[in-house]
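Worksheet for the structure shown next.
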Amino acid sequence: MKPYEIKKGIYWVGVVDWNIRTFHGHTYTTKRGTTYNAYLIIDDKITLVDTVYGPFADEMLEKIACIVSPEKIDYIIANHVETDHSGALPALMRRCPGAKVFGTEKCRDGLYKNYYGKWEFKTVKTGQTLPLGKRNLTFIEAPMIHWPDSMFTYCPEEKLLLPNDAFGQHYATSERFDDEVDNSILMEEAAKYYANILWPLGSVIAKKIEEVKKLNIPIDMIAPSHGIIWRKDPPKIINAYMQWAGNTTKDKIVVVYETMWGATEKMARRMAEGIIDAGARVKLFDVNLSDRTEIISEMLDAKGFLFGSSTHDNDMLPGIAGFLEFLKGLKAKNRIASAFGSYGWGGGATKEIEQVLSGSGIVIAQPSLSVKYMPDENEMKQCYEFATVFAQVVKKGGSDGAR
Ligand code: FEO
């Protein structure tokens with residue numbers, strides 16, 4: 001695969017990782033693979049913005065060599081220390097040991113602690129500009145988007161924003177641009193990426209977008225470090241980020257449960273019927289049969305969550321426990337929830353679910369519903385009503401009755 005000229009004299013020299021299926025350890029399922037995007041700028045000073053994941057270093061170097069010998073690289077911009085963007089740096093620096101690396105102070109420390117390279121590193125701050133010849137690069141520190149070291153790079157002459165992880169998607173494609181791919185899949189992957197990686201950082205993201213807007217810099221292309229480049233409609237992804245960061249939700253409820261012998265599942269299915277009849281949208285997932293990354297993605301625009309579990313050893317089952325532990329870290333705001341489940345004698349699952357939720361920022365909107373063994377006709381009616389009442393609160397957009 002050849003380099004791709006994204007603007008005159010600026011080349012995508014990244015790689016497509018078609019087969020990766022889990023990312024960040026096993027915290028993210030990448031069913032459509034991913035890309036690691038690096039960008040080569042040919043100017044008086046030959047500059048590479050970011051690199052790729054280490055195992056793909058040779059592939060990136062081959063692409064660079066199609067344009068210019070890697071030995072000729074003068075500057076390397078390290079927008080982010082995480083290894084999927086810096087992993088190829090040691091191999092690159094062996095080819096161009098005199099090149100200067102630019103990044104934030106935290107990036108300098110992070111790169112050293114990862115690779116122990118004795119490279120010439122120049123620390124940059126927001127507003128500083130690096131002249132390349134015909135073009136300049138301006139830096140915008142972006143801490144916690146998505147690590148403390150992160151920054152954006154902007155080229156005013158090209159109206160090109162290189163924001164690293166922000167606005168990315170885990171989406172392996174032969175195409176490079178938003179006008180070349182199915183936009184429903186593109187937005188699905190962008191939302192999934194935001195929900196599973198950036199959700200807890202919403203307030204930081206909203207502030208940063210406002211800061212960049214106030215700079216009044218024209219942007220006609222956003223080239224992130226994963227996935228597709230936004231050239232047809234860059235505001236589309238900026239507006240989507242503002243919406244997600246603002247925790248805008250729909251009249252939608254996600255039901256996630258784990259069942260031992262089917263009683264909790266029976267409850268969950270009747271609850272889904274109650275939600276639909278109350279006029280709200282619902283998505284229902286058995287946590288052990290579904291992909292956590294997909295469930296979290298569905299939760300991004302949902303106002304309400306119902307969590308169910310059978311009781312086991314006076315606690316919830318381990319699958320839903322692990323799920324809630326992950327969800328807690330996402331610090332979802334402006335969401336309501338309630339718990340339900342079946343038990344045999346002592347009970348305890350719903351209490352434990354509420355306990356985990358109490359530290360999550362999600363408001364418990366109504367008392368939980370527990371049923372002994374298999375729900376009878378009357379208890380199935382209670383499940384329906386429980387969900388109907390919850391759906392009505394969701395539709396009112398608030399947490400009436402929150403406790
Ligand atoms: Fe794609 Fe934070 O690395």
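By order in the structure tokens, chains are A, B, ...; within a chain, residues start at 1; ligands start at 1, following the order shown.
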All residues 10 Å or closer to Gly110 in chain A, only C-alpha atoms, same chain fewer than 3 positions away omitted, as number ranges by chain: A: 80-82, 104-107, 113-116, 148-149
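With the cut-off set to 6 Å and only C-alpha atoms and all ligand atoms counted, the residues surrounding ligand 1 are Glu82, Asp84, His146 and Asp165 of chain A.
Each of A:Ala263, A:Thr34, A:Leu40, A:Val124 was checked against Thr22 in chain A using only C-alpha atoms; the smallest atom-to-atom distance is that of A:Thr34.
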Please report as a Markdown table every residue of range 4-39 of chain A lying within 12 Å of range 285-291 of chain A, along with the nearest atom pair and their distance in Å (one decimal), using only C-alpha atoms.
| residue | atom | partner | partner_atom | distance |
| --- | --- | --- | --- | --- |
| A:Arg21 | CA | A:Asp291 | CA | 11.7 |
| A:Thr22 | CA | A:Asp291 | CA | 11.2 |
| A:His26 | CA | A:Asp291 | CA | 11.4 |
| A:Thr27 | CA | A:Asp291 | CA | 10.6 |
| A:Tyr28 | CA | A:Asp291 | CA | 9.2 |
| A:Thr29 | CA | A:Asp291 | CA | 7.5 |
| A:Thr30 | CA | A:Asp291 | CA | 10.4 |
| A:Lys31 | CA | A:Asp291 | CA | 9.9 |
Would you kindly return, as a PDB file with N, CA, C and O atoms, in the first residue's frame, each protein, DNA or RNA residue with an atom no farther than 8 Å from any atom of Thr259 in chain A, considering only C-alpha atoms and excluding same-chain residues fewer than 6 positions away?
ATOM      1  N   GLU A 265     -33.734 -13.316  33.363  1.00  0.00           N
ATOM      2  CA  GLU A 265     -33.933 -13.030  31.932  1.00  0.00           C
ATOM      3  C   GLU A 265     -35.416 -12.833  31.615  1.00  0.00           C
ATOM      4  O   GLU A 265     -35.793 -11.930  30.854  1.00  0.00           O
ATOM      5  N   ASP A 286     -27.958  -9.673  27.265  1.00  0.00           N
ATOM      6  CA  ASP A 286     -27.408 -10.613  28.241  1.00  0.00           C
ATOM      7  C   ASP A 286     -25.906 -10.334  28.251  1.00  0.00           C
ATOM      8  O   ASP A 286     -25.234 -10.485  27.229  1.00  0.00           O
ATOM      9  N   GLY A 308     -29.802  -6.068  35.763  1.00  0.00           N
ATOM     10  CA  GLY A 308     -30.381  -7.217  36.433  1.00  0.00           C
ATOM     11  C   GLY A 308     -29.352  -8.288  36.720  1.00  0.00           C
ATOM     12  O   GLY A 308     -28.401  -8.475  35.965  1.00  0.00           O
ATOM     13  N   SER A 309     -29.586  -8.994  37.832  1.00  0.00           N
ATOM     14  CA  SER A 309     -28.718 -10.135  38.133  1.00  0.00           C
ATOM     15  C   SER A 309     -29.446 -11.102  39.058  1.00  0.00           C
ATOM     16  O   SER A 309     -30.171 -10.686  39.970  1.00  0.00           O
ATOM     17  N   SER A 310     -29.224 -12.379  38.838  1.00  0.00           N
ATOM     18  CA  SER A 310     -29.604 -13.375  39.828  1.00  0.00           C
ATOM     19  C   SER A 310     -28.692 -13.174  41.031  1.00  0.00           C
ATOM     20  O   SER A 310     -27.583 -12.654  40.895  1.00  0.00           O
ATOM     21  N   LEU A 317     -23.996 -11.641  40.052  1.00  0.00           N
ATOM     22  CA  LEU A 317     -23.138 -12.598  39.329  1.00  0.00           C
ATOM     23  C   LEU A 317     -21.888 -11.873  38.791  1.00  0.00           C
ATOM     24  O   LEU A 317     -21.905 -10.653  38.583  1.00  0.00           O
TER      25      LEU A 317
END
Atomic distance CA of Met60 in chain A - CA of Val15 in chain A, expressed in Å with one decimal: 6.5 Å
DSSP strand (DSSP E) residues within range 23-222 of chain A, listed as a ChimeraX atom specification: /A:23,28-29,34-36,39-41,47-49,75-77,100-103,120-123,129-131,136-141,151-155,160-162,221-222
Gap from CA of Leu137 in chain A to CA of Ala172 in chain A - Å, one decimal: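 So the answer is 27.8 Å.
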Closest of A:Gly322, A:Gly246, A:Asp315, A:Trp261 to Ser203 in chain A - atom-to-atom distances counting only C-alpha atoms: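 Answer, going by the shortest atom-to-atom distance: A:Gly246.
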Proximity to Leu162 in chain A - best of A:Glu188, A:Glu62, A:Asp277, A:Asp220, only C-alpha atoms: A:Asp220
Residues near Tyr193 in chain A, cut-off 7 Å, only C-alpha atoms, skip fewer than 4 positions along chain, as a list in words: Gln169, His170, Glu189 and Ile197 of chain A
Best match for closeness to Tyr75 in chain A among A:Arg292, A:Lys122, A:Arg269, A:Lys214, counting only C-alpha atoms: A:Lys122
Test item, helix (DSSP H, G or I) assignment across range 278-366 of chain A, answer as a PyMOL selection string: chain A and resi 292-299+318-329+349-358
Could you take the residues named above and write them with N, CA, C and O atoms, as a compact mmCIF listing (two decimals), in the first residue's frame?
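The resulting file, again.txt, is reproduced below:
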# COMPACT_ATOMS: atom_id res chain seq x y z
N ARG A 292 -19.10 -6.16 25.36
CA ARG A 292 -19.19 -5.02 26.27
C ARG A 292 -18.99 -3.69 25.54
O ARG A 292 -19.67 -2.69 25.81
N THR A 293 -18.08 -3.67 24.59
CA THR A 293 -17.81 -2.43 23.84
C THR A 293 -19.07 -1.95 23.12
O THR A 293 -19.36 -0.76 23.10
N GLU A 294 -19.83 -2.91 22.56
CA GLU A 294 -21.07 -2.56 21.85
C GLU A 294 -22.14 -2.09 22.83
O GLU A 294 -22.88 -1.14 22.54
N ILE A 295 -22.21 -2.73 24.00
CA ILE A 295 -23.24 -2.32 24.99
C ILE A 295 -22.96 -0.90 25.44
O ILE A 295 -23.85 -0.05 25.48
N ILE A 296 -21.70 -0.61 25.75
CA ILE A 296 -21.32 0.74 26.22
C ILE A 296 -21.66 1.77 25.14
O ILE A 296 -22.15 2.85 25.42
N SER A 297 -21.41 1.40 23.89
CA SER A 297 -21.71 2.29 22.78
C SER A 297 -23.21 2.60 22.74
O SER A 297 -23.62 3.74 22.53
N GLU A 298 -24.05 1.58 22.95
CA GLU A 298 -25.50 1.79 22.96
C GLU A 298 -25.93 2.67 24.13
O GLU A 298 -26.97 3.32 24.09
N MET A 299 -25.14 2.68 25.20
CA MET A 299 -25.50 3.46 26.39
C MET A 299 -25.24 4.95 26.22
O MET A 299 -25.76 5.76 26.97
N PRO A 318 -20.80 -12.62 38.55
CA PRO A 318 -19.53 -11.95 38.21
C PRO A 318 -19.50 -11.23 36.87
O PRO A 318 -18.77 -10.25 36.71
N GLY A 319 -20.29 -11.68 35.89
CA GLY A 319 -20.28 -11.00 34.58
C GLY A 319 -20.82 -9.59 34.67
O GLY A 319 -20.20 -8.64 34.18
N ILE A 320 -21.96 -9.43 35.35
CA ILE A 320 -22.56 -8.10 35.48
C ILE A 320 -21.71 -7.26 36.44
O ILE A 320 -21.58 -6.04 36.26
N ALA A 321 -21.07 -7.91 37.42
CA ALA A 321 -20.21 -7.17 38.36
C ALA A 321 -19.04 -6.53 37.60
O ALA A 321 -18.71 -5.36 37.79
N GLY A 322 -18.44 -7.32 36.71
CA GLY A 322 -17.31 -6.79 35.92
C GLY A 322 -17.77 -5.67 34.99
O GLY A 322 -17.08 -4.66 34.84
N PHE A 323 -18.95 -5.86 34.42
CA PHE A 323 -19.49 -4.83 33.53
C PHE A 323 -19.69 -3.51 34.27
O PHE A 323 -19.30 -2.44 33.81
N LEU A 324 -20.32 -3.60 35.46
CA LEU A 324 -20.61 -2.38 36.23
C LEU A 324 -19.32 -1.71 36.69
O LEU A 324 -19.24 -0.49 36.78
N GLU A 325 -18.34 -2.51 37.00
CA GLU A 325 -17.04 -1.95 37.42
C GLU A 325 -16.45 -1.12 36.28
O GLU A 325 -15.93 -0.03 36.49
N PHE A 326 -16.55 -1.62 35.05
CA PHE A 326 -16.05 -0.88 33.88
C PHE A 326 -16.88 0.39 33.67
O PHE A 326 -16.34 1.48 33.47
N LEU A 327 -18.20 0.23 33.76
CA LEU A 327 -19.10 1.37 33.54
C LEU A 327 -18.84 2.48 34.55
O LEU A 327 -18.86 3.67 34.21
N LYS A 328 -18.57 2.09 35.80
CA LYS A 328 -18.31 3.07 36.86
C LYS A 328 -17.16 4.01 36.46
O LYS A 328 -17.22 5.21 36.67
N GLY A 329 -16.15 3.45 35.84
CA GLY A 329 -14.99 4.24 35.42
C GLY A 329 -15.32 5.25 34.33
O GLY A 329 -14.58 6.22 34.15
N ALA A 349 -28.37 -9.42 45.30
CA ALA A 349 -27.82 -8.91 44.03
C ALA A 349 -28.21 -7.45 43.79
O ALA A 349 -27.37 -6.61 43.45
N THR A 350 -29.50 -7.13 43.97
CA THR A 350 -29.94 -5.76 43.65
C THR A 350 -29.28 -4.75 44.58
O THR A 350 -28.93 -3.65 44.16
N LYS A 351 -29.12 -5.16 45.85
CA LYS A 351 -28.46 -4.26 46.82
C LYS A 351 -27.02 -3.98 46.37
O LYS A 351 -26.53 -2.85 46.41
N GLU A 352 -26.35 -5.03 45.93
CA GLU A 352 -24.95 -4.86 45.48
C GLU A 352 -24.87 -4.01 44.21
O GLU A 352 -23.95 -3.21 44.05
N ILE A 353 -25.83 -4.19 43.31
CA ILE A 353 -25.86 -3.35 42.09
C ILE A 353 -26.01 -1.89 42.49
O ILE A 353 -25.27 -1.01 42.01
N GLU A 354 -26.94 -1.63 43.41
CA GLU A 354 -27.15 -0.24 43.85
C GLU A 354 -25.90 0.31 44.53
O GLU A 354 -25.56 1.48 44.37
N GLN A 355 -25.21 -0.55 45.26
CA GLN A 355 -23.98 -0.13 45.95
C GLN A 355 -22.93 0.34 44.93
O GLN A 355 -22.31 1.40 45.08
N VAL A 356 -22.75 -0.44 43.86
CA VAL A 356 -21.76 -0.06 42.83
C VAL A 356 -22.21 1.24 42.14
O VAL A 356 -21.42 2.16 41.93
N LEU A 357 -23.52 1.31 41.84
CA LEU A 357 -24.02 2.51 41.14
C LEU A 357 -23.87 3.76 41.99
O LEU A 357 -23.68 4.86 41.46
N SER A 358 -23.93 3.61 43.31
CA SER A 358 -23.87 4.79 44.17
C SER A 358 -22.53 5.53 44.02
O SER A 358 -22.46 6.72 44.28
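When only C-alpha atoms are used to compute distances to Pro143 in chain A, the closest of the residues A:Gly341, A:Gly274, A:Gly348, A:Gly103 turns out to be A:Gly103.
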Pick from A:Leu300, A:Ala268, A:Ala57, A:Ile276 nearest to Asn247 in chain A, counting only C-alpha atoms: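 Of the candidates, the smallest distance to Asn247 in chain A is held by A:Leu300.
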Long-range neighbours of Lys8 in chain A as number ranges by chain, 10 Å cut-off, only C-alpha atoms, 6 positions minimum in chain: A: 41-42, 158
Surrounding residues of Thr388 in chain A excluding itself and chain neighbours under 2 positions, 12 Å, only C-alpha atoms, as a list in words: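 Here the answer would be Ile253, Arg270, Met271, Ala272, Glu273, Gly274, Ile275, Ile276, Asp277, Ala278, Gly279, Ala280, Arg281, Val282, Leu306, Gln366, Lys381, Gln382, Cys383, Tyr384, Glu385, Phe386, Phe390, Ala391, Gln392, Val393, Val394 and Lys395 of chain A.
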Those selected residues, please, written with C-alpha atoms and delivered as a CSV table (one decimal), in the first residue's frame.
chain,number,residue,atom,x,y,z
A,253,ILE,CA,-33.2,2.5,28.0
A,270,ARG,CA,-41.0,-8.4,30.3
A,271,MET,CA,-39.4,-5.1,31.3
A,272,ALA,CA,-38.4,-4.5,27.7
A,273,GLU,CA,-42.0,-5.0,26.6
A,274,GLY,CA,-43.1,-2.4,29.3
A,275,ILE,CA,-40.6,0.1,28.0
A,276,ILE,CA,-41.7,-0.3,24.4
A,277,ASP,CA,-45.4,0.0,25.3
A,278,ALA,CA,-44.5,3.2,27.3
A,279,GLY,CA,-43.1,4.7,24.1
A,280,ALA,CA,-39.4,4.6,24.8
A,281,ARG,CA,-36.7,2.9,22.9
A,282,VAL,CA,-35.0,-0.2,24.5
A,306,LEU,CA,-31.7,-1.2,34.0
A,366,GLN,CA,-36.6,4.0,41.7
A,381,LYS,CA,-47.0,-7.8,35.9
A,382,GLN,CA,-44.9,-6.0,38.5
A,383,CYS,CA,-41.9,-6.3,36.1
A,384,TYR,CA,-44.0,-4.7,33.3
A,385,GLU,CA,-45.1,-1.8,35.6
A,386,PHE,CA,-41.6,-1.3,37.1
A,390,PHE,CA,-39.0,3.9,34.8
A,391,ALA,CA,-39.7,4.6,31.1
A,392,GLN,CA,-42.0,7.5,32.0
A,393,VAL,CA,-39.3,9.0,34.2
A,394,VAL,CA,-36.8,8.7,31.3
A,395,LYS,CA,-39.3,10.3,28.9
Computed interatomic separation between CA of Glu141 in chain A and CA of Tyr39 in chain A (Å): 18.7 Å
